[in-house]
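Encoded as structure tokens, the structure appears first; notes follow it.
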Amino acid sequence: MATQHPSSAPPAPAGSAAYPMAKPGYGKRSAPDQRPRTRDDFARLPTRERYVAGFVDHLPEGAAMSVKQLAKQLPLYGQQAISTALTALSVAGHLRRVRCPVGEGDETRWVFRTFWSRTARDNEWWNTYLATEEAAQTVSSTPDTPAPTTPPPPPWVSAEEPSPPAPQGPGAEQAPTPPAVPHQRTPAQGPGSGTGPTAPPAPNTAPATPRTSEAGPSPAYLALARLGRDDHRLALSAADCANLEAQAAEWLARGVNADYLTNALTAGLPAQVDSPVGLLRRRLTDKMPPRLPTGSPSPGSPASAHRILVECADCGRPGPPEALPDGLCRPCRTARSEAAENPPSPAEVADVKAHMNNLRGLLKSV
């Protein structure tokens, strides 16, 4: 029987789990012009802040920066300690939390980013950098579309039909370009049918519109039909939806969406509705919204401005960068300065620790 000799090579070390990444548009973003990493990057910070800063500095771009996620990866501290450390790093000039709008109109949503700088920066530097980021986002959200160099083909020319080749030779400039002729459809002719091609339709003849059943119900009809699902007191029949469809379509034509229409019709309903169609007809008339301008907003209008808002590192209140020096709003900055002027006595700190230990013991015994 052959003897098995186990290998003397040590087993391969288990690879550490990759740090979770945030969704695209979220997470950590490194500021430019940082010094190379050294052993003394965060030497002036307290132990806890130095520990958190060293971990955050080595995270990749786009890494999740929520307090909950950081507390899962840093076993020495809990969520409250991590939140306090991030606030201290913001005051020290290493971090800024911002909110950035993405999209236009009804599709606008806010994304949260954390800008990180290994090199400590002052408030003026952060304000200038965030203003540059804001201008870059505004430019990228409204790209300039170059004008087409060639005019589009006439509507009667098929998109699959290749354009005729350019004439060559010395007499190419004098060669006239044949005019485009609209395609005419001729019926199939059988042998001995004796029928010629039919004349093209008159220019003023309008194309036949598809029926509602073929094109599907309109958004206004669907919004009315779904009212009964949201509230049984507003259940409508198909005939009722057809009668109110024109009024509901006028709402949508004035710039509101289906959710706005539904909320306006279902808000403040009486306990009992005897005639849903009568109530809705009255509300569609009395609550008709004003007509919104259809023109696109100017580049300098608030609707198209992409404003970056800095979040307070302590309470999360948003505001412009210049209104949150050190990443703190005025109430949090005032409370922080008062706490620095009146630090708790050692006896008070000991009482708080004893109280917390007592609470932990009670929780363990339950």
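FYI, nothing fancy with the structure tokens labels: chains A, B, ... in order, residues from 1 per chain, ligands from 1 as they appear.
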
So that I can check the surroundings of Lys28 (chain A), please list as JSON, numbers by chain every protein, DNA and RNA residue that reaches within 7 Å of it, counting only C-alpha atoms and ignoring chain neighbours fewer than 4 positions away. {"A": [61, 62, 63, 64, 65, 113, 114, 115, 116]}

Keeping only C-alpha atoms, write the selected residues to a file as a PDB file, in the first residue's frame.
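Saved as part28.pdb:
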```
ATOM      1  CA  GLU A  61     -12.476  55.315  -5.160  1.00  0.00           C
ATOM      2  CA  GLY A  62     -16.219  54.840  -4.859  1.00  0.00           C
ATOM      3  CA  ALA A  63     -16.019  52.865  -1.604  1.00  0.00           C
ATOM      4  CA  ALA A  64     -19.027  52.988   0.688  1.00  0.00           C
ATOM      5  CA  MET A  65     -18.548  55.697   3.319  1.00  0.00           C
ATOM      6  CA  ARG A 113     -20.455  61.844  -2.026  1.00  0.00           C
ATOM      7  CA  THR A 114     -17.608  62.060   0.483  1.00  0.00           C
ATOM      8  CA  PHE A 115     -14.597  64.047  -0.689  1.00  0.00           C
ATOM      9  CA  TRP A 116     -11.384  62.968   1.018  1.00  0.00           C
TER      10      TRP A 116
END
```

I'd like the interatomic distance between CA of Thr119 (chain A) and CA of His94 (chain A), to a tenth of an Å.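 Result for CA of Thr119 (chain A) versus CA of His94 (chain A): 6.6 Å, one decimal.
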
Proximity to Arg96 (chain A) - best of A:Leu130, A:Val349, A:Ala248, A:Ala223, only C-alpha atoms: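 Ranked by minimum distance to Arg96 (chain A), first place goes to A:Leu130.
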
In Å, rounded to a single decimal, give me how far CA of Asp57 (chain A) is from CA of Glu134 (chain A).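 Spanning CA of Glu134 (chain A) to CA of Asp57 (chain A) is a straight-line distance of 23.7 Å.
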
For Arg317 (chain A), list every protein, DNA or RNA residue within 12 Å, evaluated using only C-alpha atoms, and leave out those in the same chain fewer than 6 positions away; present the list as a PDB file with C-alpha atoms, in the first residue's frame.
```pdb
ATOM      1  CA  ARG A  97     -19.741  65.353   2.751  1.00  0.00           C
ATOM      2  CA  VAL A  98     -21.763  66.817  -0.099  1.00  0.00           C
ATOM      3  CA  ARG A  99     -25.073  66.299  -1.905  1.00  0.00           C
ATOM      4  CA  LEU A 309     -24.629  71.245  -0.932  1.00  0.00           C
ATOM      5  CA  VAL A 310     -22.272  70.373   1.890  1.00  0.00           C
ATOM      6  CA  GLU A 311     -23.711  68.225   4.681  1.00  0.00           C
ATOM      7  CA  ALA A 323     -22.058  78.590   5.135  1.00  0.00           C
ATOM      8  CA  LEU A 324     -20.540  75.456   6.713  1.00  0.00           C
ATOM      9  CA  GLY A 327     -18.084  71.126   7.539  1.00  0.00           C
ATOM     10  CA  LEU A 328     -20.281  72.180  10.484  1.00  0.00           C
ATOM     11  CA  CYS A 329     -23.470  74.221  10.557  1.00  0.00           C
ATOM     12  CA  ARG A 330     -23.790  77.138  12.952  1.00  0.00           C
ATOM     13  CA  PRO A 331     -25.656  75.312  15.780  1.00  0.00           C
ATOM     14  CA  CYS A 332     -23.232  72.385  15.745  1.00  0.00           C
TER      15      CYS A 332
END
```

DSSP-assigned alpha helix (DSSP H) among region 244-329 of chain A, expressed as a PyMOL selection string: chain A and resi 244-253+258-266+276-286

If you count only C-alpha atoms, which residues fall within 8 Å of Leu236 (chain A), apart from same-chain ones fewer than 3 positions away, as a list in words?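 Result of the neighbour search: Leu224, Ala225, Leu227, Gly228, Ala239, Asp240, Cys241, Pro276 and Val277 of chain A.
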
For a test of reading the model, state the distance in Å between CA of Asp286 (chain A) and CA of Trp251 (chain A), rounded to one decimal. 11.6 Å

Using only C-alpha atoms: which of A:Leu244, A:Ala267, A:Val102, A:Ala71 has the shortest distance to Asp230 (chain A): A:Ala267

Which of A:Leu222, A:Cys100, A:Cys312, A:Ala88 sits closest to Ala242 (chain A) [using only C-alpha atoms]: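 The closest residue to Ala242 (chain A) is A:Leu222.
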